[in-house]
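Data block below; observations after.
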Amino acid sequence: MPACAGLTPRAHRLLERVRGAADSAEDPLAFMISGGCCGGTNPVLCRRSNVIEGFDVPLGEAGGIAVYAHPDHARYLASDHFVIDAIDNARGDTFSLEIPYGGRFVLREIGAA
Amino acid sequence: MAGTAQPLGAENGARRYQLFINGKFVDSRSGKRFESISPHDRSVVAVVAEGDKADIDAAVAAARAAYEGTWSGTPAGERARLLNKIADLLEASAPELGRLETLDMGMPILMTGGMGALAAEVFRYWAGMATKLHGLTSPALRPGDFLGYTLREPLGVVGGITPWNAPLLMATWKTAPGLACGNTVVLKPAEHTPMTSLELARLAAEAGLPEGVLNVVPGFGPTAGAALASHPAVDKIAFTGEYVTGRLIVQMSASNLKTVTLELGGKSPHIIFDDVDLETAVTNALFGIYLNTGQICSAGTRILVQDTMYERFVERFVERSQQIKVGDPLDFATRMGPLVSEEQQRKVQRYVEIGKKEGAHLRCGGGPPTDPALAKGFYFEPTVFTEVDNKMQIAQEEIFGPVASILKFHDEDDAVRIGNDVIYGLAAGVQTKDLKRAHRLAKRLQAGTVWINTWHMIEANSPFGGYKLSGYGRENGNAMVEHLTRLKQVWVDLNDFTMDFFGM
C-alpha cells in the first residue's frame, strides 16, 4: 500500500482551482513532500520537471498527481499512511503552487502506521 | 498609484501596507492585497499589497539601476554611516516594532521587545564590516617583478526570502550584509509576517538610504518568491525555509547561475550527560526546545539524556513543561505564545498522532490548551514524548512546534551515533562538566553550530548554516562576506623590459 492514499474532497476542490489556471500537458503537476523549517513536512505542489527522476522516491498518487519525496525522507514516510488534505483561507511560506488560490495542502494521517 | 516614503496608516483596526520599491511605498501592479491575521485570535492585523512577478521585475530593475548608478560607487564609510543610522532608528523604534511583531507572528512581547535592539546589533556589525572589506596582495611564483592583488567586489543585486519565525531579525540577516558589501537588495518577506520588514524599509528610507538600494516586496512564494529566484538580473539568493522550496530555488537559479545559500531547518540533538546538575540540565533543555513555541530551526528538539539520569530528568522536565505560562503574547507574563498559523497547528497535531502510533509515551500536552480565552488562536500545549526511538518519525522530522522528544543514550559513542543519525545537521548541543568530552563531541557532531552548556547563541559574527539537508552556505560573520562578494585578481608587470614570446 503506497504511503499516500489520495486527496480529501476539500483538497480535491483546491486542486481543481489550481488545475483550471495552471495545468500543463507538457509539464504536469507533481507533489513533493517537503521537510524542515517553517512550512516543512507538508506537500509542495510543483511540476514533474522539478522531480529528479531516479532519485526522488514515488509514494503514491493523489488526484491523479504523482507524489514524491527525497529518498532519506521517504524512508520515514514510507511506513506512514496519509492523505493530502487542504485548509481553506490559509497560506504557507513555500513555493507550493496552490497558495495564490486561497488554500494550503497539508498531510493528514489515516489508519495505523 | 504613486507612493511616498511613508506607509499607509491603520484602517478599521488593521494596518495597511504597500510594497516598497525604488524608495517609495506603492500598491502592487495587480492591485491585489492579502490579509495578515493574528495567531492569537484570527483578527486581521494588516492588509498588505500582494506583489507578484510584475512587482518583482520593477523592484529588481530599481535595484539594478541603484547598483549601477550610485550604490556600487558609494564609499564604504558612507555605507557604514547609513547602516549605523538605520541601526539607531531600529533601536529607537524597538517598542513599536516589538508590538507589531507580536501581533503578526505571536511571539511573546517579552521577546519581541528586544528584537529592535538585536536588529540594530546586526546592522551595526555590518556597518563595521563595510569598512573592512579588503583584498590581498599576491606574490608572483615565477621570476620577474610583478604586483598581484585582489579586488573584493560586490555581486550586484541580491535577493532574500525570509521565513515567518523571527521576521525582523531574519529581515536584517537578509539585508544588512548585502548592503554592507555594496550590493542592492530585494527582500521578499514571509507572507504570514510582512509588517516589520516593511517597517525596516520605512526606517531605511528615513535614514537616507538612496532609492532602489533596498526594496521590499511581500507576496506569495510561487508568484513573488519564484519570480525573484528565477530572475536573470538577480545575482544571489539567500533563502530560509523548507527543503523542497530550497531545491526549487536551486533549480530556478540554474538559468543565470546565480549563487544560492540555503538554511532549511534541523532536528538538533541536545545531549545531556549525567555529570550535569539536574536543574541546570532541565532549564537549558526547556530553553532549547520551547523558545518561540518551538518555532526555531535550531531548536533542541531531540533531547538525548544519559540512561543513568533519564528517569530523574524526565520527571522534572515534564513537571516544568506543565508550568510554562501559555497565553496572549501581548501579556508580559506570557512565556509561550500561539503557533503562527492553522497550518502549523494542524501539522504539530499530526505529529502528536504519529508519535502515539509509533509507540512513544505522551507525558504531557498533545493538543491545544483548554483555556476558552485561547480557543480562537493557534495555541498548542508544551508537549513531551518519552521512550522515543531515533528511528521514529517524531525523532527524525522537524515538527516546528513545542514538542520535545526525549531519547536515552548510554555513553559518548552512543550519543554521537544517535545525534548524527538524522537527515539534518543545523545545530547540536552538549551539556557536561567534562571539558575534554565537550570538545571531543564538538568535533564529532555533524552540525553547523555546536553549543556547549548553552543554547540559541546566534550572533551577527558567528557563521550559521547546516550540514546535509539543512542546506549550504553560512550566514553572519566573515563567512557571509564570501557569499556576497566576488574576488578579482589583478596582475601588474613592473619589469622595464617586455617579454616578446613571438619574437624569439
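Chain identifiers are assigned as A, B, and so on, following the order in which chains appear in the C-alpha cells; residues are numbered from 1 within each chain, and ligands are numbered from 1 in order of appearance.
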
(message) Quick check: residues of chain B within 7 Å of chain A, only C-alpha atoms, returned as a PyMOL selection string.
(response) chain B and resi 163+190-191+220-222+226+241-245+248+264-266+297+350+357+393+397-398+400+423

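Proximity to stretch 325-330 of chain B at 6 Å, evaluated using only C-alpha atoms and with sequence-adjacent residues fewer than 3 positions away removed, yields Gly106, Pro108, Ile109, Thr334, Arg335, Met336 and Gly337 of chain B.
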
Write out, as a PDB file, in the first residue's frame, the residues just selected, with N, CA, C and O atoms.
ATOM      1  N   GLY B 106       2.950  36.330  16.818  1.00  0.00           N
ATOM      2  CA  GLY B 106       2.561  35.637  18.042  1.00  0.00           C
ATOM      3  C   GLY B 106       3.693  35.395  19.017  1.00  0.00           C
ATOM      4  O   GLY B 106       3.495  34.766  20.058  1.00  0.00           O
ATOM      5  N   PRO B 108       5.961  36.105  22.070  1.00  0.00           N
ATOM      6  CA  PRO B 108       5.655  36.896  23.261  1.00  0.00           C
ATOM      7  C   PRO B 108       6.359  38.258  23.263  1.00  0.00           C
ATOM      8  O   PRO B 108       7.505  38.368  22.840  1.00  0.00           O
ATOM      9  N   ILE B 109       5.650  39.249  23.762  1.00  0.00           N
ATOM     10  CA  ILE B 109       6.160  40.622  23.789  1.00  0.00           C
ATOM     11  C   ILE B 109       7.448  40.720  24.608  1.00  0.00           C
ATOM     12  O   ILE B 109       8.306  41.560  24.347  1.00  0.00           O
ATOM     13  N   THR B 334       3.380  36.212  29.730  1.00  0.00           N
ATOM     14  CA  THR B 334       3.366  35.038  28.846  1.00  0.00           C
ATOM     15  C   THR B 334       4.777  34.638  28.440  1.00  0.00           C
ATOM     16  O   THR B 334       5.579  35.477  28.040  1.00  0.00           O
ATOM     17  N   ARG B 335       5.047  33.336  28.554  1.00  0.00           N
ATOM     18  CA  ARG B 335       6.341  32.821  28.101  1.00  0.00           C
ATOM     19  C   ARG B 335       6.208  32.052  26.798  1.00  0.00           C
ATOM     20  O   ARG B 335       7.181  31.818  26.107  1.00  0.00           O
ATOM     21  N   MET B 336       4.997  31.563  26.474  1.00  0.00           N
ATOM     22  CA  MET B 336       4.798  30.842  25.221  1.00  0.00           C
ATOM     23  C   MET B 336       3.513  31.321  24.559  1.00  0.00           C
ATOM     24  O   MET B 336       2.433  31.222  25.138  1.00  0.00           O
ATOM     25  N   GLY B 337       3.649  31.842  23.344  1.00  0.00           N
ATOM     26  CA  GLY B 337       2.501  32.320  22.594  1.00  0.00           C
ATOM     27  C   GLY B 337       1.952  31.215  21.696  1.00  0.00           C
ATOM     28  O   GLY B 337       2.314  30.049  21.828  1.00  0.00           O
TER      29      GLY B 337
END

(request) May I have the residues within 12 Å of stretch 429-442 of chain B as number ranges by chain, using only C-alpha atoms and disregarding those fewer than 2 positions away in the same chain? (result) B: 267-278, 280-285, 288-289, 298-306, 411-417, 419-420, 425-427, 444-457

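Residue nearest B:Thr112, chosen from B:Arg33, B:His40, B:Arg99, B:Arg124 and counting only C-alpha atoms: B:Arg99.
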
(request) For B:Gly219, work out the shell of residues within 9 Å, counting only C-alpha atoms and skipping chain neighbours fewer than 3 positions away, then give it as a PyMOL selection string. (result) chain B and resi 33-34+48-52+188-191+194+222-225

Store the residues picked out above in a file with N, CA, C and O atoms, as a PDB file, in the first residue's frame.
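This went into result34.pdb:
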ATOM      1  N   ARG B  33      -4.360  42.542  -2.779  1.00  0.00           N
ATOM      2  CA  ARG B  33      -3.895  42.657  -1.395  1.00  0.00           C
ATOM      3  C   ARG B  33      -4.151  41.341  -0.688  1.00  0.00           C
ATOM      4  O   ARG B  33      -5.000  40.560  -1.128  1.00  0.00           O
ATOM      5  N   PHE B  34      -3.460  41.119   0.386  1.00  0.00           N
ATOM      6  CA  PHE B  34      -3.785  39.974   1.234  1.00  0.00           C
ATOM      7  C   PHE B  34      -3.808  40.422   2.682  1.00  0.00           C
ATOM      8  O   PHE B  34      -3.296  41.482   3.034  1.00  0.00           O
ATOM      9  N   VAL B  48      -2.150  43.972   3.255  1.00  0.00           N
ATOM     10  CA  VAL B  48      -0.838  44.186   2.654  1.00  0.00           C
ATOM     11  C   VAL B  48      -0.933  44.028   1.143  1.00  0.00           C
ATOM     12  O   VAL B  48      -1.574  43.092   0.645  1.00  0.00           O
ATOM     13  N   ALA B  49      -0.301  44.921   0.420  1.00  0.00           N
ATOM     14  CA  ALA B  49      -0.248  44.790  -1.041  1.00  0.00           C
ATOM     15  C   ALA B  49       0.443  43.482  -1.399  1.00  0.00           C
ATOM     16  O   ALA B  49       1.454  43.127  -0.807  1.00  0.00           O
ATOM     17  N   GLU B  50      -0.136  42.770  -2.380  1.00  0.00           N
ATOM     18  CA  GLU B  50       0.386  41.468  -2.776  1.00  0.00           C
ATOM     19  C   GLU B  50       1.199  41.604  -4.057  1.00  0.00           C
ATOM     20  O   GLU B  50       0.644  41.769  -5.149  1.00  0.00           O
ATOM     21  N   GLY B  51       2.512  41.553  -3.906  1.00  0.00           N
ATOM     22  CA  GLY B  51       3.384  41.658  -5.080  1.00  0.00           C
ATOM     23  C   GLY B  51       3.436  40.349  -5.834  1.00  0.00           C
ATOM     24  O   GLY B  51       3.295  39.275  -5.256  1.00  0.00           O
ATOM     25  N   ASP B  52       3.643  40.441  -7.138  1.00  0.00           N
ATOM     26  CA  ASP B  52       3.895  39.234  -7.930  1.00  0.00           C
ATOM     27  C   ASP B  52       5.008  39.531  -8.925  1.00  0.00           C
ATOM     28  O   ASP B  52       5.806  40.443  -8.717  1.00  0.00           O
ATOM     29  N   LYS B 188      11.888  39.536  -0.122  1.00  0.00           N
ATOM     30  CA  LYS B 188      10.521  39.009  -0.173  1.00  0.00           C
ATOM     31  C   LYS B 188      10.246  38.411   1.199  1.00  0.00           C
ATOM     32  O   LYS B 188      10.677  37.308   1.503  1.00  0.00           O
ATOM     33  N   PRO B 189       9.550  39.174   2.066  1.00  0.00           N
ATOM     34  CA  PRO B 189       9.302  38.652   3.412  1.00  0.00           C
ATOM     35  C   PRO B 189       8.235  37.562   3.398  1.00  0.00           C
ATOM     36  O   PRO B 189       7.418  37.483   2.478  1.00  0.00           O
ATOM     37  N   ALA B 190       8.232  36.743   4.436  1.00  0.00           N
ATOM     38  CA  ALA B 190       7.234  35.686   4.574  1.00  0.00           C
ATOM     39  C   ALA B 190       5.839  36.304   4.581  1.00  0.00           C
ATOM     40  O   ALA B 190       5.602  37.334   5.209  1.00  0.00           O
ATOM     41  N   GLU B 191       4.911  35.661   3.882  1.00  0.00           N
ATOM     42  CA  GLU B 191       3.566  36.240   3.744  1.00  0.00           C
ATOM     43  C   GLU B 191       2.780  36.229   5.055  1.00  0.00           C
ATOM     44  O   GLU B 191       1.859  37.017   5.224  1.00  0.00           O
ATOM     45  N   PRO B 194       4.585  40.054   7.238  1.00  0.00           N
ATOM     46  CA  PRO B 194       5.310  41.060   6.440  1.00  0.00           C
ATOM     47  C   PRO B 194       5.559  42.403   7.137  1.00  0.00           C
ATOM     48  O   PRO B 194       6.335  43.212   6.641  1.00  0.00           O
ATOM     49  N   PRO B 222       5.009  31.031  -4.696  1.00  0.00           N
ATOM     50  CA  PRO B 222       5.067  30.589  -6.090  1.00  0.00           C
ATOM     51  C   PRO B 222       4.939  31.730  -7.092  1.00  0.00           C
ATOM     52  O   PRO B 222       5.198  31.511  -8.282  1.00  0.00           O
ATOM     53  N   THR B 223       4.571  32.920  -6.637  1.00  0.00           N
ATOM     54  CA  THR B 223       4.481  34.058  -7.561  1.00  0.00           C
ATOM     55  C   THR B 223       5.671  35.003  -7.324  1.00  0.00           C
ATOM     56  O   THR B 223       6.623  35.012  -8.102  1.00  0.00           O
ATOM     57  N   ALA B 224       5.642  35.748  -6.203  1.00  0.00           N
ATOM     58  CA  ALA B 224       6.710  36.716  -5.945  1.00  0.00           C
ATOM     59  C   ALA B 224       8.056  36.018  -5.671  1.00  0.00           C
ATOM     60  O   ALA B 224       9.089  36.402  -6.232  1.00  0.00           O
ATOM     61  N   GLY B 225       8.033  34.993  -4.819  1.00  0.00           N
ATOM     62  CA  GLY B 225       9.280  34.317  -4.454  1.00  0.00           C
ATOM     63  C   GLY B 225       9.937  33.668  -5.658  1.00  0.00           C
ATOM     64  O   GLY B 225      11.148  33.813  -5.878  1.00  0.00           O
TER      65      GLY B 225
END

(message) Run DSSP on the backbone and tell me which residues of stretch 44-82 of chain A come out as alpha helix (DSSP H); list them as a ChimeraX atom specification.
(response) /A:71-77

(message) Let's see if you can do this: from backbone DSSP, list all strand (DSSP E or B) residues in stretch 36-86 of chain A, as number ranges by chain.
(response) A: 36, 43-47, 57-62, 65-69, 82-86

Could you write those residues out with all heavy atoms, as a compact mmCIF listing (two decimals), in the first residue's frame?
# COMPACT_ATOMS: atom_id res chain seq x y z
N GLY A 36 11.53 20.18 7.05
CA GLY A 36 12.42 21.24 7.51
C GLY A 36 11.69 22.45 8.02
O GLY A 36 10.55 22.38 8.46
N PRO A 43 2.93 18.90 1.79
CA PRO A 43 3.14 18.72 0.35
C PRO A 43 3.45 20.06 -0.31
O PRO A 43 2.86 21.07 0.05
CB PRO A 43 1.79 18.20 -0.15
CG PRO A 43 0.92 18.04 1.05
CD PRO A 43 1.53 18.77 2.18
N VAL A 44 4.36 20.03 -1.25
CA VAL A 44 4.60 21.19 -2.10
C VAL A 44 4.16 20.78 -3.51
O VAL A 44 4.66 19.81 -4.07
CB VAL A 44 6.09 21.60 -2.09
CG1 VAL A 44 6.37 22.65 -3.16
CG2 VAL A 44 6.47 22.15 -0.71
N LEU A 45 3.19 21.51 -4.03
CA LEU A 45 2.71 21.24 -5.39
C LEU A 45 3.64 21.95 -6.36
O LEU A 45 3.80 23.17 -6.30
CB LEU A 45 1.27 21.74 -5.55
CG LEU A 45 0.61 21.45 -6.90
CD1 LEU A 45 0.43 19.96 -7.12
CD2 LEU A 45 -0.74 22.17 -7.00
N CYS A 46 4.28 21.14 -7.21
CA CYS A 46 5.21 21.71 -8.17
C CYS A 46 4.96 21.04 -9.52
O CYS A 46 3.81 20.67 -9.80
CB CYS A 46 6.65 21.54 -7.69
SG CYS A 46 7.11 19.84 -7.32
N ARG A 47 5.96 20.91 -10.34
CA ARG A 47 5.79 20.29 -11.67
C ARG A 47 6.68 19.07 -11.79
O ARG A 47 7.69 18.95 -11.12
CB ARG A 47 6.12 21.32 -12.75
CG ARG A 47 5.27 22.56 -12.65
CD ARG A 47 4.88 23.09 -14.00
NE ARG A 47 3.97 24.22 -13.84
CZ ARG A 47 2.65 24.13 -14.01
NH1 ARG A 47 2.10 22.99 -14.36
NH2 ARG A 47 1.89 25.19 -13.84
N VAL A 57 11.73 9.47 -4.58
CA VAL A 57 11.05 8.19 -4.39
C VAL A 57 9.54 8.39 -4.51
O VAL A 57 8.97 9.25 -3.82
CB VAL A 57 11.39 7.61 -2.99
CG1 VAL A 57 10.60 6.34 -2.73
CG2 VAL A 57 12.88 7.36 -2.89
N PRO A 58 8.87 7.62 -5.39
CA PRO A 58 7.42 7.76 -5.51
C PRO A 58 6.70 7.20 -4.28
O PRO A 58 7.09 6.16 -3.74
CB PRO A 58 7.07 6.95 -6.76
CG PRO A 58 8.22 6.06 -7.01
CD PRO A 58 9.42 6.65 -6.35
N LEU A 59 5.69 7.90 -3.82
CA LEU A 59 4.95 7.50 -2.60
C LEU A 59 3.46 7.34 -2.88
O LEU A 59 2.65 7.39 -1.97
CB LEU A 59 5.15 8.54 -1.49
CG LEU A 59 6.54 8.65 -0.88
CD1 LEU A 59 6.60 9.84 0.08
CD2 LEU A 59 6.94 7.38 -0.15
N GLY A 60 3.10 7.17 -4.16
CA GLY A 60 1.69 7.01 -4.50
C GLY A 60 1.22 8.17 -5.34
O GLY A 60 2.02 8.89 -5.95
N GLU A 61 -0.10 8.32 -5.37
CA GLU A 61 -0.64 9.44 -6.13
C GLU A 61 -1.86 10.02 -5.43
O GLU A 61 -2.48 9.37 -4.57
CB GLU A 61 -0.96 9.02 -7.57
CG GLU A 61 -2.00 7.92 -7.72
CD GLU A 61 -3.40 8.48 -7.93
OE1 GLU A 61 -3.52 9.61 -8.42
OE2 GLU A 61 -4.36 7.79 -7.57
N ALA A 62 -2.17 11.25 -5.78
CA ALA A 62 -3.30 11.95 -5.15
C ALA A 62 -3.99 12.76 -6.23
O ALA A 62 -3.36 13.64 -6.83
CB ALA A 62 -2.80 12.86 -4.02
N ILE A 65 -2.22 12.90 -9.43
CA ILE A 65 -0.92 13.57 -9.43
C ILE A 65 0.07 12.72 -8.64
O ILE A 65 -0.22 12.31 -7.50
CB ILE A 65 -1.04 14.98 -8.82
CG1 ILE A 65 -1.90 15.84 -9.73
CG2 ILE A 65 0.32 15.60 -8.60
CD1 ILE A 65 -2.15 17.21 -9.19
N ALA A 66 1.22 12.45 -9.23
CA ALA A 66 2.22 11.61 -8.56
C ALA A 66 2.81 12.34 -7.35
O ALA A 66 3.00 13.56 -7.38
CB ALA A 66 3.32 11.24 -9.54
N VAL A 67 3.09 11.55 -6.29
CA VAL A 67 3.63 12.11 -5.04
C VAL A 67 5.04 11.56 -4.84
O VAL A 67 5.25 10.34 -4.96
CB VAL A 67 2.74 11.71 -3.84
CG1 VAL A 67 3.28 12.29 -2.54
CG2 VAL A 67 1.30 12.17 -4.06
N TYR A 68 5.99 12.41 -4.52
CA TYR A 68 7.39 12.01 -4.35
C TYR A 68 7.97 12.59 -3.05
O TYR A 68 7.43 13.55 -2.49
CB TYR A 68 8.25 12.55 -5.50
CG TYR A 68 7.95 11.97 -6.85
CD1 TYR A 68 6.96 12.52 -7.65
CD2 TYR A 68 8.66 10.87 -7.33
CE1 TYR A 68 6.68 12.00 -8.90
CE2 TYR A 68 8.39 10.35 -8.59
CZ TYR A 68 7.41 10.91 -9.37
OH TYR A 68 7.13 10.39 -10.60
N ALA A 69 9.11 12.01 -2.63
CA ALA A 69 9.90 12.61 -1.55
C ALA A 69 11.37 12.28 -1.77
O ALA A 69 11.70 11.31 -2.47
CB ALA A 69 9.45 12.09 -0.19
N PHE A 82 -0.99 8.42 4.76
CA PHE A 82 -1.60 9.75 4.87
C PHE A 82 -2.39 10.07 3.63
O PHE A 82 -2.22 9.44 2.58
CB PHE A 82 -0.50 10.81 5.09
CG PHE A 82 0.57 10.83 4.04
CD1 PHE A 82 0.38 11.52 2.85
CD2 PHE A 82 1.78 10.16 4.22
CE1 PHE A 82 1.36 11.54 1.87
CE2 PHE A 82 2.76 10.17 3.24
CZ PHE A 82 2.56 10.87 2.07
N VAL A 83 -3.29 11.02 3.77
CA VAL A 83 -3.95 11.62 2.62
C VAL A 83 -3.52 13.08 2.54
O VAL A 83 -3.04 13.64 3.53
CB VAL A 83 -5.49 11.54 2.71
CG1 VAL A 83 -5.98 10.11 2.54
CG2 VAL A 83 -5.99 12.13 4.02
N ILE A 84 -3.70 13.65 1.38
CA ILE A 84 -3.44 15.08 1.25
C ILE A 84 -4.76 15.80 1.43
O ILE A 84 -5.73 15.56 0.72
CB ILE A 84 -2.77 15.39 -0.10
CG1 ILE A 84 -1.36 14.77 -0.12
CG2 ILE A 84 -2.71 16.90 -0.33
CD1 ILE A 84 -0.60 14.94 -1.40
N ASP A 85 -4.77 16.64 2.46
CA ASP A 85 -5.95 17.43 2.81
C ASP A 85 -5.65 18.89 2.49
O ASP A 85 -4.55 19.22 2.03
CB ASP A 85 -6.23 17.23 4.33
CG ASP A 85 -7.60 17.74 4.74
OD1 ASP A 85 -8.41 18.11 3.86
OD2 ASP A 85 -7.87 17.79 5.96
N ALA A 86 -6.60 19.77 2.73
CA ALA A 86 -6.36 21.19 2.49
C ALA A 86 -7.00 22.01 3.60
O ALA A 86 -7.95 21.57 4.25
CB ALA A 86 -6.93 21.62 1.14

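Across the structure, atom CA of B:Ala201 and atom CA of B:Gly23 are spaced 8.5 Å apart.
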